[in-house]
Every structure is written in structure tokens, then in C-alpha cells.
$ cat target_19.cif   # mmCIF, C-alpha atoms
data_entry
loop_
_atom_site.label_atom_id
_atom_site.label_comp_id
_atom_site.auth_asym_id
_atom_site.auth_seq_id
_atom_site.Cartn_x
_atom_site.Cartn_y
_atom_site.Cartn_z
CA MET A 1 51.85 -36.33 32.67
CA ASP A 2 48.19 -37.05 32.07
CA GLU A 3 46.50 -35.22 29.22
CA PHE A 4 44.30 -32.33 30.39
CA THR A 5 40.61 -33.19 29.96
CA PRO A 6 38.29 -30.17 29.92
CA ILE A 7 35.23 -30.53 32.16
CA ALA A 8 33.02 -28.73 29.61
CA SER A 9 33.37 -27.84 25.95
CA LYS A 10 33.80 -24.21 24.75
CA GLU A 11 30.17 -24.15 23.52
CA GLU A 12 28.93 -25.41 26.88
CA VAL A 13 30.89 -22.68 28.72
CA GLU A 14 29.52 -19.99 26.37
CA ASP A 15 26.02 -21.38 26.82
CA ALA A 16 26.47 -21.29 30.59
CA ILE A 17 27.60 -17.62 30.42
CA ASP A 18 24.75 -16.79 28.05
CA SER A 19 22.16 -18.43 30.28
CA THR A 20 23.06 -16.17 33.20
CA GLY A 21 23.09 -12.91 31.22
CA PRO A 22 20.23 -10.78 29.85
CA ARG A 23 18.21 -12.17 26.97
CA CYS A 24 16.10 -10.66 24.22
CA SER A 25 12.48 -10.40 25.34
CA SER A 26 11.36 -11.25 21.79
CA CYS A 27 13.58 -14.12 20.52
CA ASP A 28 15.39 -15.08 23.77
CA ALA A 29 18.84 -14.69 22.14
CA PRO A 30 21.58 -13.70 24.61
CA LEU A 31 22.29 -9.96 24.82
CA ARG A 32 25.56 -8.25 25.54
CA GLU A 33 25.74 -5.28 27.88
CA GLU A 34 26.34 -2.78 25.04
CA ASP A 35 23.51 -4.09 22.82
CA ARG A 36 20.77 -1.58 22.05
CA PHE A 37 19.14 -3.92 19.52
CA CYS A 38 19.09 -7.71 19.47
CA ARG A 39 21.72 -9.04 17.03
CA LYS A 40 19.44 -11.92 16.01
CA CYS A 41 15.93 -10.41 15.62
CA GLY A 42 16.75 -6.68 15.40
CA LEU A 43 14.20 -5.61 18.04
CA VAL A 44 14.95 -3.17 20.82
CA ALA A 45 16.98 -4.93 23.52
CA GLY A 46 15.48 -5.07 26.99
CA PRO A 47 11.84 -4.78 27.98
CA LEU A 48 9.71 -3.57 25.10
CA ASP A 49 7.65 -0.44 25.55
CA ASP A 50 4.01 -1.43 25.78
CA ALA A 51 1.95 -0.74 22.68
CA GLY A 52 0.31 2.66 22.57
CA ALA A 53 2.33 4.09 25.47
CA ALA A 54 2.46 7.53 23.80
CA GLU A 55 -1.31 7.52 23.30
CA LYS A 56 -1.83 6.54 26.94
CA LYS A 57 0.40 9.43 28.01
CA TRP A 58 -1.50 11.88 25.84
CA ASN A 59 -4.82 10.62 27.27
CA ALA A 60 -3.43 11.10 30.77
CA VAL A 61 -2.42 14.70 29.90
CA ARG A 62 -5.92 15.39 28.52
CA GLN A 63 -7.52 14.08 31.70
CA LEU A 64 -5.12 16.18 33.77
CA ILE A 65 -5.99 19.34 31.84
CA LEU A 66 -9.74 18.67 32.10
CA PHE A 67 -9.48 17.97 35.83
CA PHE A 68 -7.40 21.10 36.42
CA ILE A 69 -9.77 23.35 34.44
CA ILE A 70 -12.84 22.07 36.36
CA GLU A 71 -11.09 22.51 39.72
CA ALA A 72 -9.84 26.00 38.75
CA ILE A 73 -13.33 27.12 37.63
CA ILE A 74 -14.92 25.95 40.89
CA CYS A 75 -12.18 27.61 42.99
CA ALA A 76 -12.23 30.82 40.93
CA THR A 77 -15.92 31.37 41.74
CA SER A 78 -14.67 32.74 45.07
CA PHE A 79 -13.60 35.84 43.08
CA VAL A 80 -17.22 36.55 42.09
CA LYS A 81 -18.82 38.80 44.71
CA ALA A 82 -22.33 37.51 43.98
CA LEU A 83 -21.17 34.00 44.88
CA ASP A 84 -19.54 34.98 48.16
CA THR A 85 -22.20 33.25 50.25
CA PHE A 86 -22.22 30.36 52.68
CA SER A 87 -24.54 28.33 50.43
CA TRP A 88 -22.22 28.68 47.46
CA MET A 89 -19.20 27.85 49.61
CA VAL A 90 -20.91 24.59 50.58
CA CYS A 91 -21.85 23.96 46.93
CA GLY A 92 -18.24 24.62 45.86
CA ASP A 93 -16.90 22.16 48.45
CA VAL A 94 -19.46 19.53 47.40
CA LEU A 95 -18.55 20.05 43.73
CA LEU A 96 -14.82 19.75 44.47
CA ALA A 97 -15.49 16.54 46.40
CA LEU A 98 -17.60 15.17 43.53
CA VAL A 99 -14.93 16.04 40.95
CA ALA A 100 -12.32 14.20 43.03
CA ILE A 101 -14.59 11.16 43.44
CA VAL A 102 -15.55 11.05 39.74
CA PHE A 103 -11.95 11.27 38.48
CA VAL A 104 -10.80 8.64 40.99
CA ALA A 105 -13.73 6.40 39.97
CA LEU A 106 -12.82 6.80 36.28
CA ASN A 107 -9.30 5.59 37.15
CA TRP A 108 -10.40 3.15 39.82
CA LYS A 109 -7.97 0.36 38.89
CA ALA A 110 -4.92 2.60 39.33
CA CYS A 111 -6.30 4.51 42.34
CA LYS A 112 -7.68 1.59 44.37
CA PRO A 113 -4.32 0.42 45.85
CA LEU A 114 -3.71 3.94 47.22
CA LEU A 115 -6.90 3.76 49.28
CA THR A 116 -5.52 0.83 51.27
CA TRP A 117 -3.13 1.26 54.20
CA ASN A 118 -0.91 -1.80 54.20
CA ASP A 119 2.17 -0.50 56.01
CA PHE A 120 0.28 1.20 58.85
CA SER A 121 2.50 2.12 61.79
CA TRP A 122 1.37 4.04 64.90
CA GLY A 123 4.91 5.34 65.50
CA ARG A 124 5.24 6.69 61.97
CA LEU A 125 1.77 8.23 62.06
CA LEU A 126 2.51 9.91 65.39
CA LEU A 127 5.81 11.26 64.09
CA TYR A 128 4.27 12.67 60.89
CA CYS A 129 1.31 14.20 62.73
CA THR A 130 3.58 15.81 65.34
CA LEU A 131 5.73 17.31 62.59
CA ALA A 132 2.58 18.57 60.83
CA ILE A 133 1.30 20.21 64.03
CA VAL A 134 4.67 21.89 64.74
CA ALA A 135 4.96 23.11 61.11
CA SER A 136 1.38 24.36 61.20
CA ILE A 137 1.92 26.38 64.40
CA ILE A 138 5.09 27.99 62.98
CA ILE A 139 3.49 28.75 59.61
CA SER A 140 0.29 30.08 61.21
CA PHE A 141 2.24 32.64 63.22
CA VAL A 142 4.55 33.59 60.34
CA VAL A 143 1.64 34.02 57.88
CA ASP A 144 -0.37 35.98 60.46
CA TRP A 145 2.62 38.25 61.07
CA LEU A 146 3.17 38.69 57.29
CA ASN A 147 -0.52 39.48 56.70
CA LEU A 148 -0.47 42.08 59.47
CA SER A 149 2.85 43.59 58.34
CA LEU A 150 2.20 43.65 54.59
CA PHE A 151 -1.56 44.08 54.31
CA SER A 152 -2.47 45.26 57.84
CA LYS A 153 -5.16 42.60 58.05
CA ARG A 154 -5.77 39.22 59.62
CA VAL A 155 -7.04 36.35 57.44
CA SER A 156 -9.09 33.86 59.43
CA TYR A 157 -11.27 30.93 58.39
CA HIS A 158 -12.87 30.96 61.82
CA ALA A 159 -13.83 34.64 61.40
CA TYR A 160 -15.73 33.68 58.22
CA PHE A 161 -17.80 31.06 60.06
CA SER A 162 -18.15 33.00 63.33
CA ARG A 163 -21.44 34.59 62.21
CA TYR A 164 -23.11 31.17 61.96
CA ASN A 165 -24.28 28.73 64.64
CA TYR A 166 -21.82 25.94 65.43
CA ALA A 167 -18.95 28.11 64.13
CA ILE A 168 -16.21 25.90 65.60
CA ALA A 169 -17.71 22.71 64.15
CA LEU A 170 -18.19 24.36 60.75
CA THR A 171 -14.62 25.71 60.75
CA ILE A 172 -13.19 22.28 61.54
CA PHE A 173 -15.47 20.49 59.05
CA PHE A 174 -14.83 22.80 56.08
CA THR A 175 -11.21 23.75 56.83
CA ALA A 176 -9.75 20.57 58.25
CA LEU A 177 -11.88 17.53 57.48
CA THR A 178 -13.09 17.93 53.89
CA PRO A 179 -9.77 19.25 52.43
CA SER A 180 -7.79 16.48 54.11
CA LEU A 181 -9.95 13.89 52.38
CA PHE A 182 -10.87 15.37 49.02
CA GLU A 183 -7.71 17.39 48.29
CA GLU A 184 -5.69 14.27 48.98
CA LEU A 185 -8.00 12.24 46.76
CA ALA A 186 -7.79 14.84 43.98
CA PHE A 187 -4.14 15.88 44.09
CA ARG A 188 -2.27 12.93 45.54
CA VAL A 189 -4.37 10.00 44.30
CA PHE A 190 -5.70 11.09 40.90
CA LEU A 191 -3.42 13.95 39.77
CA LEU A 192 -0.11 12.53 41.01
CA GLY A 193 -1.06 9.10 39.65
CA LYS A 194 -1.67 10.56 36.19
CA LEU A 195 1.51 12.64 36.33
CA LEU A 196 3.51 9.52 37.16
CA MET A 197 2.16 8.00 33.93
CA VAL A 198 3.44 11.00 31.97
CA THR A 199 6.78 11.83 33.53
CA GLU A 200 9.36 10.61 36.05
CA LYS A 201 8.91 10.55 39.81
CA ARG A 202 10.67 13.79 40.77
CA PRO A 203 9.06 16.08 38.16
CA ALA A 204 5.67 14.46 38.91
CA ILE A 205 6.06 15.26 42.62
CA PHE A 206 7.06 18.83 41.78
CA ILE A 207 4.18 19.47 39.34
CA SER A 208 1.57 17.98 41.69
CA ALA A 209 2.85 20.26 44.50
CA PHE A 210 2.93 23.23 42.13
CA MET A 211 -0.66 22.61 40.95
CA PHE A 212 -1.78 22.05 44.55
CA GLY A 213 -0.12 25.33 45.56
CA ILE A 214 -1.46 27.55 42.79
CA MET A 215 -4.97 26.09 43.09
CA HIS A 216 -5.26 27.72 46.54
CA MET A 217 -4.98 31.07 44.69
CA SER A 218 -2.99 32.84 47.38
CA PHE A 219 0.48 34.15 46.61
CA LEU A 220 1.48 34.43 50.22
CA SER A 221 0.51 30.83 50.89
CA LEU A 222 2.40 29.60 47.84
CA PHE A 223 5.70 29.66 49.76
CA TRP A 224 4.58 27.06 52.27
CA LEU A 225 1.93 25.27 50.18
CA ILE A 226 4.46 24.05 47.59
CA PRO A 227 6.82 22.50 50.20
CA PHE A 228 3.74 21.06 51.95
CA GLY A 229 2.55 19.60 48.63
CA LEU A 230 6.03 18.20 47.94
CA ALA A 231 6.08 16.46 51.33
CA LEU A 232 2.60 14.99 50.88
CA ALA A 233 3.35 13.80 47.34
CA TRP A 234 6.63 12.24 48.46
CA LEU A 235 4.88 10.42 51.32
CA ARG A 236 2.14 9.15 49.02
CA ILE A 237 4.77 7.65 46.70
CA ARG A 238 6.94 6.33 49.53
CA HIS A 239 4.13 4.58 51.41
CA ARG A 240 1.83 3.89 48.43
CA THR A 241 -1.19 5.16 50.38
CA MET A 242 -3.09 8.43 50.65
CA TRP A 243 -3.85 8.00 54.37
CA TYR A 244 -0.60 9.27 55.90
CA GLY A 245 -0.97 12.40 53.78
CA SER A 246 -4.62 12.69 54.69
CA CYS A 247 -3.85 12.49 58.44
CA ILE A 248 -1.00 15.01 58.09
CA HIS A 249 -3.24 17.34 56.08
CA PHE A 250 -5.96 17.05 58.74
CA CYS A 251 -3.54 17.70 61.63
CA PHE A 252 -2.03 20.67 59.78
CA ASN A 253 -5.38 22.31 58.99
CA PHE A 254 -6.89 21.37 62.36
CA THR A 255 -4.00 23.12 64.12
CA VAL A 256 -4.65 26.21 61.96
CA CYS A 257 -8.31 26.12 63.09
CA ILE A 258 -7.36 25.74 66.76
CA THR A 259 -4.78 28.56 66.47
CA GLU A 260 -7.40 30.84 64.90
CA ILE A 261 -10.05 29.93 67.50
CA TRP A 262 -7.49 30.55 70.25
CA GLN A 263 -6.47 33.90 68.71
CA ALA A 264 -10.13 34.91 68.34
CA ALA A 265 -10.81 34.05 72.01
CA ARG A 266 -7.73 36.05 73.08
CA HIS A 267 -8.74 39.17 71.15
CA TYR A 268 -12.40 39.27 72.10
CA MET B 1 22.20 -10.88 -0.04
CA GLU B 2 23.72 -7.52 0.70
CA GLU B 3 27.24 -7.57 2.07
CA THR B 4 28.04 -5.40 5.05
CA ALA B 5 30.45 -2.48 4.48
CA THR B 6 34.08 -3.43 4.96
CA GLY B 7 36.40 -1.15 6.92
CA PRO B 8 39.98 -0.12 6.32
CA GLN B 9 41.37 -3.07 8.30
CA SER B 10 41.00 -6.38 6.54
CA GLY B 11 38.16 -8.47 7.91
CA ALA B 12 36.54 -5.62 9.87
CA HIS B 13 32.83 -5.12 9.17
CA PHE B 14 30.77 -1.98 9.71
CA CYS B 15 27.04 -1.35 9.78
CA PRO B 16 25.96 0.36 6.54
CA SER B 17 23.54 2.56 8.48
CA CYS B 18 25.48 3.83 11.53
CA TRP B 19 29.03 2.60 10.78
CA THR B 20 29.37 0.76 14.05
CA PRO B 21 31.85 -2.18 13.98
CA ILE B 22 29.84 -5.43 13.85
CA ASP B 23 30.49 -9.15 14.12
CA ALA B 24 30.37 -11.07 10.84
CA ASP B 25 27.68 -13.49 12.12
CA ASP B 26 25.30 -10.77 13.39
CA ASP B 27 21.91 -10.67 11.63
CA PHE B 28 21.16 -7.13 12.86
CA CYS B 29 23.30 -4.21 14.00
CA ASN B 30 23.35 -4.03 17.79
CA LYS B 31 23.48 -0.21 17.78
CA CYS B 32 20.76 0.75 15.25
CA GLY B 33 18.94 -2.51 14.39
CA CYS B 34 19.89 -2.40 10.68
CA PRO B 35 19.15 -5.76 8.92
CA LEU B 36 22.78 -6.71 8.08
CA LYS B 37 21.75 -9.93 6.32
CA GLY B 38 18.81 -8.31 4.55
CA THR B 39 18.61 -7.43 0.87
CA GLU B 40 19.98 -4.13 -0.46
CA GLN B 41 16.39 -2.87 -0.76
CA GLU B 42 15.63 -3.81 2.86
CA GLN B 43 18.74 -1.98 4.06
CA ARG B 44 17.89 1.11 1.98
CA ASN B 45 14.36 1.09 3.39
CA PHE B 46 15.75 0.80 6.89
CA ILE B 47 18.17 3.71 6.41
CA SER B 48 15.53 5.99 4.86
CA ASN B 49 13.00 5.03 7.57
CA ARG B 50 15.54 5.85 10.28
CA ALA B 51 16.39 9.16 8.59
CA ALA B 52 12.67 10.03 8.43
CA LYS B 53 12.30 9.26 12.13
CA GLU B 54 15.31 11.45 12.92
CA ILE B 55 13.69 14.31 10.96
CA ASP B 56 10.44 13.75 12.91
CA LEU B 57 12.46 13.85 16.12
CA ASP B 58 14.09 17.15 15.11
CA GLU B 59 10.67 18.63 14.31
CA ALA B 60 9.28 17.42 17.64
CA HIS B 61 12.25 18.94 19.47
CA GLY B 62 11.63 22.22 17.63
CA LYS B 63 8.00 22.32 18.80
CA VAL B 64 9.02 21.46 22.37
CA HIS B 65 11.65 24.22 22.28
CA ARG B 66 9.02 26.68 21.01
CA ALA B 67 6.69 25.74 23.90
CA GLY B 68 9.58 26.29 26.30
CA ASN B 69 10.17 29.72 24.74
CA ALA B 70 6.46 30.51 25.17
CA LEU B 71 7.10 30.44 28.92
CA PHE B 72 9.69 33.22 28.50
CA TRP B 73 7.22 35.17 26.34
CA ILE B 74 4.51 34.89 29.01
CA GLY B 75 7.00 35.91 31.70
CA GLY B 76 8.13 38.92 29.66
CA ALA B 77 4.61 39.98 28.65
CA THR B 78 3.35 39.68 32.24
CA PHE B 79 6.18 41.86 33.52
CA VAL B 80 5.84 44.50 30.79
CA PHE B 81 2.04 44.78 31.19
CA SER B 82 2.35 44.90 34.98
CA LEU B 83 4.80 47.82 34.64
CA ILE B 84 2.41 49.62 32.27
CA GLY B 85 -0.46 48.93 34.71
CA TYR B 86 1.66 50.23 37.59
CA VAL B 87 2.43 53.51 35.83
CA ALA B 88 -1.16 53.96 34.57
CA SER B 89 -2.95 53.07 37.85
CA ALA B 90 -3.78 55.75 40.40
CA ASP B 91 -4.69 53.39 43.24
CA GLU B 92 -1.50 53.15 45.33
CA ASP B 93 -2.44 50.03 47.33
CA THR B 94 -3.77 48.00 44.40
CA LYS B 95 -0.98 48.90 42.00
CA ASN B 96 1.76 47.88 44.43
CA THR B 97 0.06 44.54 45.18
CA LEU B 98 -0.53 43.87 41.48
CA LEU B 99 3.09 44.69 40.66
CA ILE B 100 4.33 42.23 43.30
CA ILE B 101 1.92 39.49 42.16
CA ASN B 102 2.76 39.97 38.47
CA THR B 103 6.50 40.06 39.17
CA ILE B 104 6.21 36.72 41.03
CA LEU B 105 4.11 35.29 38.17
CA SER B 106 6.65 36.50 35.66
CA ALA B 107 9.53 35.00 37.67
CA ILE B 108 7.70 31.64 37.95
CA ASN B 109 7.18 31.55 34.16
CA VAL B 110 10.81 32.43 33.45
CA GLY B 111 11.92 29.79 35.99
CA LEU B 112 9.74 27.20 34.27
CA GLY B 113 11.21 28.33 30.93
CA PHE B 114 14.72 27.52 32.16
CA TRP B 115 13.50 24.21 33.61
CA ALA B 116 11.98 23.39 30.20
CA ARG B 117 15.52 23.33 28.78
CA LYS B 118 16.27 20.29 30.97
CA LYS B 119 12.84 18.70 31.54
CA PRO B 120 10.52 20.03 28.83
CA LEU B 121 7.42 17.92 29.41
CA PRO B 122 6.91 18.58 33.15
CA ALA B 123 7.88 22.25 32.77
CA ILE B 124 5.38 22.80 29.95
CA ILE B 125 2.61 21.00 31.89
CA ALA B 126 3.32 23.22 34.92
CA GLY B 127 3.41 26.33 32.69
CA LEU B 128 0.14 25.38 31.01
CA SER B 129 -1.56 24.82 34.37
CA LEU B 130 -0.44 28.25 35.61
CA PHE B 131 -1.53 29.88 32.33
CA VAL B 132 -4.98 28.23 32.52
CA LEU B 133 -5.41 29.18 36.19
CA VAL B 134 -4.44 32.82 35.64
CA PHE B 135 -6.82 32.99 32.67
CA ILE B 136 -9.74 31.51 34.63
CA VAL B 137 -9.17 33.68 37.71
CA ASN B 138 -8.90 36.85 35.60
CA ALA B 139 -11.93 35.87 33.52
CA PHE B 140 -14.01 35.51 36.70
CA ALA B 141 -12.68 38.75 38.19
CA ASP B 142 -13.15 40.71 34.95
CA PRO B 143 -14.97 38.98 32.03
CA ALA B 144 -13.44 41.52 29.58
CA TYR B 145 -10.09 39.75 30.19
CA ILE B 146 -11.29 36.84 28.01
CA VAL B 147 -11.08 38.91 24.82
CA LYS B 148 -8.04 41.01 25.78
CA GLY B 149 -5.00 39.86 23.80
CA MET B 150 -6.96 36.83 22.60
CA LEU B 151 -4.66 36.11 19.66
CA PHE B 152 -1.58 36.05 21.92
CA LYS B 153 -3.38 33.73 24.35
CA ILE B 154 -4.50 31.35 21.58
CA ILE B 155 -0.97 31.22 20.10
CA ILE B 156 0.53 30.47 23.53
CA LEU B 157 -2.09 27.78 24.15
CA VAL B 158 -1.36 26.16 20.76
CA PHE B 159 2.39 26.25 21.52
CA PHE B 160 1.80 24.56 24.87
CA ILE B 161 -0.49 21.84 23.54
CA THR B 162 1.71 21.03 20.52
CA GLY B 163 4.74 21.18 22.83
CA ILE B 164 3.28 18.55 25.17
CA ARG B 165 2.18 16.38 22.25
CA SER B 166 5.60 16.68 20.62
CA ALA B 167 7.47 15.94 23.86
CA ILE B 168 5.50 12.68 24.16
CA GLU B 169 6.09 11.94 20.46
CA ALA B 170 9.83 12.67 20.81
CA GLU B 171 10.07 10.20 23.71
CA LYS B 172 8.35 7.57 21.57
CA ILE B 173 10.71 8.12 18.60
CA LYS B 174 13.74 8.08 20.90
CA LYS B 175 12.62 4.73 22.28
CA GLU B 176 12.10 3.39 18.76
CA LEU B 177 15.55 4.58 17.71
CA HIS B 178 16.91 3.53 21.11
CA MET B 179 18.66 6.86 21.56
#
$ encode --input "target_19.cif" --output "C-alpha cells"
Amino acid sequence: MDEFTPIASKEEVEDAIDSTGPRCSSCDAPLREEDRFCRKCGLVAGPLDDAGAAEKKWNAVRQLILFFIIEAIICATSFVKALDTFSWMVCGDVLLALVAIVFVALNWKACKPLLTWNDFSWGRLLLYCTLAIVASIIISFVVDWLNLSLFSKRVSYHAYFSRYNYAIALTIFFTALTPSLFEELAFRVFLLGKLLMVTEKRPAIFISAFMFGIMHMSFLSLFWLIPFGLALAWLRIRHRTMWYGSCIHFCFNFTVCITEIWQAARHY
Amino acid sequence: MEETATGPQSGAHFCPSCWTPIDADDDFCNKCGCPLKGTEQEQRNFISNRAAKEIDLDEAHGKVHRAGNALFWIGGATFVFSLIGYVASADEDTKNTLLIINTILSAINVGLGFWARKKPLPAIIAGLSLFVLVFIVNAFADPAYIVKGMLFKIIILVFFITGIRSAIEAEKIKKELHM
């Protein structure tokens, strides 16, 4: 019988195994699955955390807090009777838009990709918008019924603008168009982006929806605003764009406007 | 050169820092990063450094826990004061609405407090945002609210801020220790 001749030496086989497995990002020594630290250089196995990650997180939290305080102050002015005027409402909306633009501009590098719409699909857009319209109609009627049952009053954006010329155009502009752009820019582009720097995906989605919900300062609306915020945040992460959310937000609010205009026409 | 600790079985080697079994030709422990081929002084430094980091981690966890508890305190205080307000108020409509709103607020804070046990950082951020919003809204509605219970509000705010800072610090130490 012929003597068995190995094709490769033991070292060559080990090298071959090593070359396919994970390696230390610092010294390139092979790592075993159970290794937490490299056995050769002693550094943490796997990708190293980038320098100053904790400081970056803390900076992100500080920006979040500052952004939230500014937004809350602008929104809370609605509780001041002296500021319950059309002019101040316009000023408030302009300020909110400016805050969103400034914070996005300060984080332009991270926010820029979300302003593109690379995976645009008509079918998907149609599906999302249809769902938004259906949800809006259901919620409009439920909230209207709750307001009448609990507080014996009807809350209407259209009623607020009805005393001015071009009431329908104003209602649609301030209730549907501007929030769908600037709330998305503020909460889904800037705020969610910062939260994703601080925490994992799921908690970030939840906090952004929670902040979005409470910022509207209406307890009754909180029950549908948080799920709405969750859906928009999830879509922004899934599609890496703000535009699906923006369109959904517009369709949702636009349907509310149309429902209110229709109800107003029916009653008067 | 410092020899690694030898175990009960002949030939078995253990890390002098975490007592994990190690291979004789390893330069560093694969579980804690201890310099196995380093000098005695280097190994002592490593062990004391690691112990100091573990103490820092414990302290950070304590601050995070305290911030989580602050959510329960806010929830409790909101509920108690809303009950007092309910009994003291004569306006039927307002007092019922306020009781409902404060009960929901209280429940949200308690819920966030329980969430903070599992996910402290996001729960504390959410709690802080709610606390700030309630403060701002109340301050606009009634400026006297700013000075009411100021000490309690400052303490809660300090707990939240140090809690967030410590949660970030704890994550950093955990990564360094590879826990």
C-alpha cells in the first residue's frame, strides 16, 4: 500500500481555516467565536467603537432637548389668550418651520439622504395614501363623537378659519400642507435621526412618536397620534426617505379638512 | 515575566484577573483582555483599572436607577396633587377634566418608570420630554407654576439629566469591559 501523502500541512490547514474566520480589526490575528478580546493584542474583538461615541451621544441628547424646548415653547403660546390671534398663529407656524429647517441644516450631512426619494413606487404611495385617508375618516368620526359625548363640543380647524376670506384654502394650507412638510422634517428627519444616534431602532421609533404625540398638546388626540407617529417613523426608517411619511401626513390631514368642510356645509 | 495562575489540574492555566481558562500561548485573556505575558505590575494595574471601571459602572447604574425612580415620584406626585386639587376645587367641569388629565399623566409616568427598568435611556428621555412639556404648558397657562414646588422640579431635572449622562457613560464602560 502506498504511503498516505497529505495534500496540505497542519499549519496550512489551520491557516486556511483562520483566513475564512473573523479577524482582529487592530492586529489582524484570527479570532475565535467566543473571543471578547483579541488573544494577541488584547483589544476588544470585533469592530471598535468609534472614538468619542459617548460624547457624540451626549451632544445628540443636548440638541434633542434644545429642539424639544423650543418647539414646546412655540406650541405652548396657544395657551396664552393674548396670543390667540391669526397673526400669531401664522408667526407660530413660520417659527416652527424655521426651527425645523435650522436643525436639519445644522445636521445636513445626516439629514440630506432622507430628503431624496430613491425607492419611489406609485403602487406603494397609492396604498399608503389610501390607508391614510381611510384611517383619517374613521378617526375624524370617532374623535368628533368623543368630543360631542365627553365635552359636548365640536373641535374644528375649519371653524377657526371660517371667519377669514379664503377659509378653505387657509384651512388646507395651515392644517394639511405645512404640517406634512415641517412636522415630518422636524420629527422624522431631525428628531428621529438624533434618537437613532442615541438608542436602538425600536425605542427611537417609540420616543419620536411619543414626542410627536405630546407636542400636539391634546390628550384625546394622543391615542391616535402616537400610533400615527409610530407608523410614520417606521416608514421613514424602512424607506430611508421622509416623502412617503409627508404624503401620508398630507392625505391624513387633508381628509380631516375635507371632512370638517363637509360637516360644516351639512350643518349650515 | 509574570506567570499565569495555574489551576487544580496539571497544565491548566487561568487568567489572574477573571479566572477564565486560557491557552498557554495566549498573550492576552480572551474574556477580559488581561495582559497574560505582561509584568506583575502591568497585571496589577490592569486588575485595579478594571475594578475601578466596574465601580464606575455600578455608580452609573445607580444614577440611572434613580432617574428611573424619579418617573415614579412624578407619577405619584401628579396623582396626589390632582386628588387634592379635585377635592379643593368647586368647579365641577374643570375639576373632572383635570383629574382625568392628571391621572393619564400619572399613568404615563409610571409606565415609563417600569419601561426604564428594561430600557433606561429611552424611557428617561421620554420622561424628561414629558416633564419639560408639562412645565412649559403650565408656565404659559399660569406663570406662578414656575415657582411652585421649584426644589422638587430642580431635583427631578437633575436626576433626569444625570440619569441620561450616566446611561450613556454606562454603555461606554460596558463596551470597554466588553460586558
$ closest_residue --input "target_19.cif" --among "A:Val189, A:Met211, A:Leu95, A:Ile70" --to "chain B" --atoms "all atoms listed in the file"
A:Met211
$ axis_aligned_box --input "target_19.cif" --around "segment 44-48 of chain B" --padding-each-side "8 Å" --output "lines of an AutoDock Vina configuration file"
center_x = 16.3
center_y = 3.4
center_z = 4.4
size_x = 19.8
size_y = 21.2
size_z = 20.9
$ resolve_selection --input "target_19.cif" --expression "the PyMOL selection byres ((chain A and resi 116) around 12)" --output "PyMOL selection string"
chain A and resi 111-115+117-120+189+236+239-244
$ resolve_selection --input "target_19.cif" --expression "the PyMOL selection byres ((chain A and resi 172) around 10)" --output "PyMOL selection string"
chain A and resi 157-158+167-171+173-178+250+253-258
$ resolve_selection --input "target_19.cif" --expression "the PyMOL selection byres ((chain A) within 8 of (chain B))" --output "ChimeraX atom specification"
/A:34-44,49,53-54,57-58,65,68-69,72-73,76-77,79-80,199,203-204,207,210-211,214-215,219
$ closest_residue --input "target_19.cif" --among "B:Ala51, B:Val64, B:Ala70, B:Leu57" --to "Thr162 of chain B" --atoms "all atoms listed in the file"
B:Val64
$ residues_around --input "target_19.cif" --residues "Phe182 of chain A" --least-positions-apart "2" --cutoff "9 Å" --atoms "all atoms listed in the file" --output "compact mmCIF listing (two decimals) with C-alpha atoms, in the frame of the given file"
# COMPACT_ATOMS: atom_id res chain seq x y z
CA LEU A 96 -14.82 19.75 44.47
CA ALA A 97 -15.49 16.54 46.40
CA LEU A 98 -17.60 15.17 43.53
CA ALA A 100 -12.32 14.20 43.03
CA ILE A 101 -14.59 11.16 43.44
CA LEU A 177 -11.88 17.53 57.48
CA THR A 178 -13.09 17.93 53.89
CA PRO A 179 -9.77 19.25 52.43
CA SER A 180 -7.79 16.48 54.11
CA GLU A 184 -5.69 14.27 48.98
CA LEU A 185 -8.00 12.24 46.76
CA ALA A 186 -7.79 14.84 43.98
CA PHE A 187 -4.14 15.88 44.09
CA SER A 246 -4.62 12.69 54.69
$ closest_residue --input "target_19.cif" --among "A:Ile237, A:Leu131, A:Ala209, A:Leu192" --to "Ala60 of chain A" --atoms "all atoms listed in the file"
A:Leu192
$ residues_around --input "target_19.cif" --residues "Lys153 of chain A" --least-positions-apart "6" --cutoff "12 Å" --atoms "all atoms listed in the file" --output "list of chain:residue names"
A:Val143, A:Asp144, A:Trp145, A:Leu146, A:Asn147
$ atom_distance --input "target_19.cif" --atom1 "atom CA of Leu157 of chain B" --atom2 "atom CA of Ile124 of chain B"
10.7 Å
$ closest_residue --input "target_19.cif" --among "A:His216, A:Arg238, A:Lys194, A:Lys201" --to "Leu106 of chain A" --atoms "all atoms listed in the file"
A:Lys194
$ atom_distance --input "target_19.cif" --atom1 "atom CA of Pro120 of chain B" --atom2 "atom CA of Leu151 of chain B"
23.9 Å
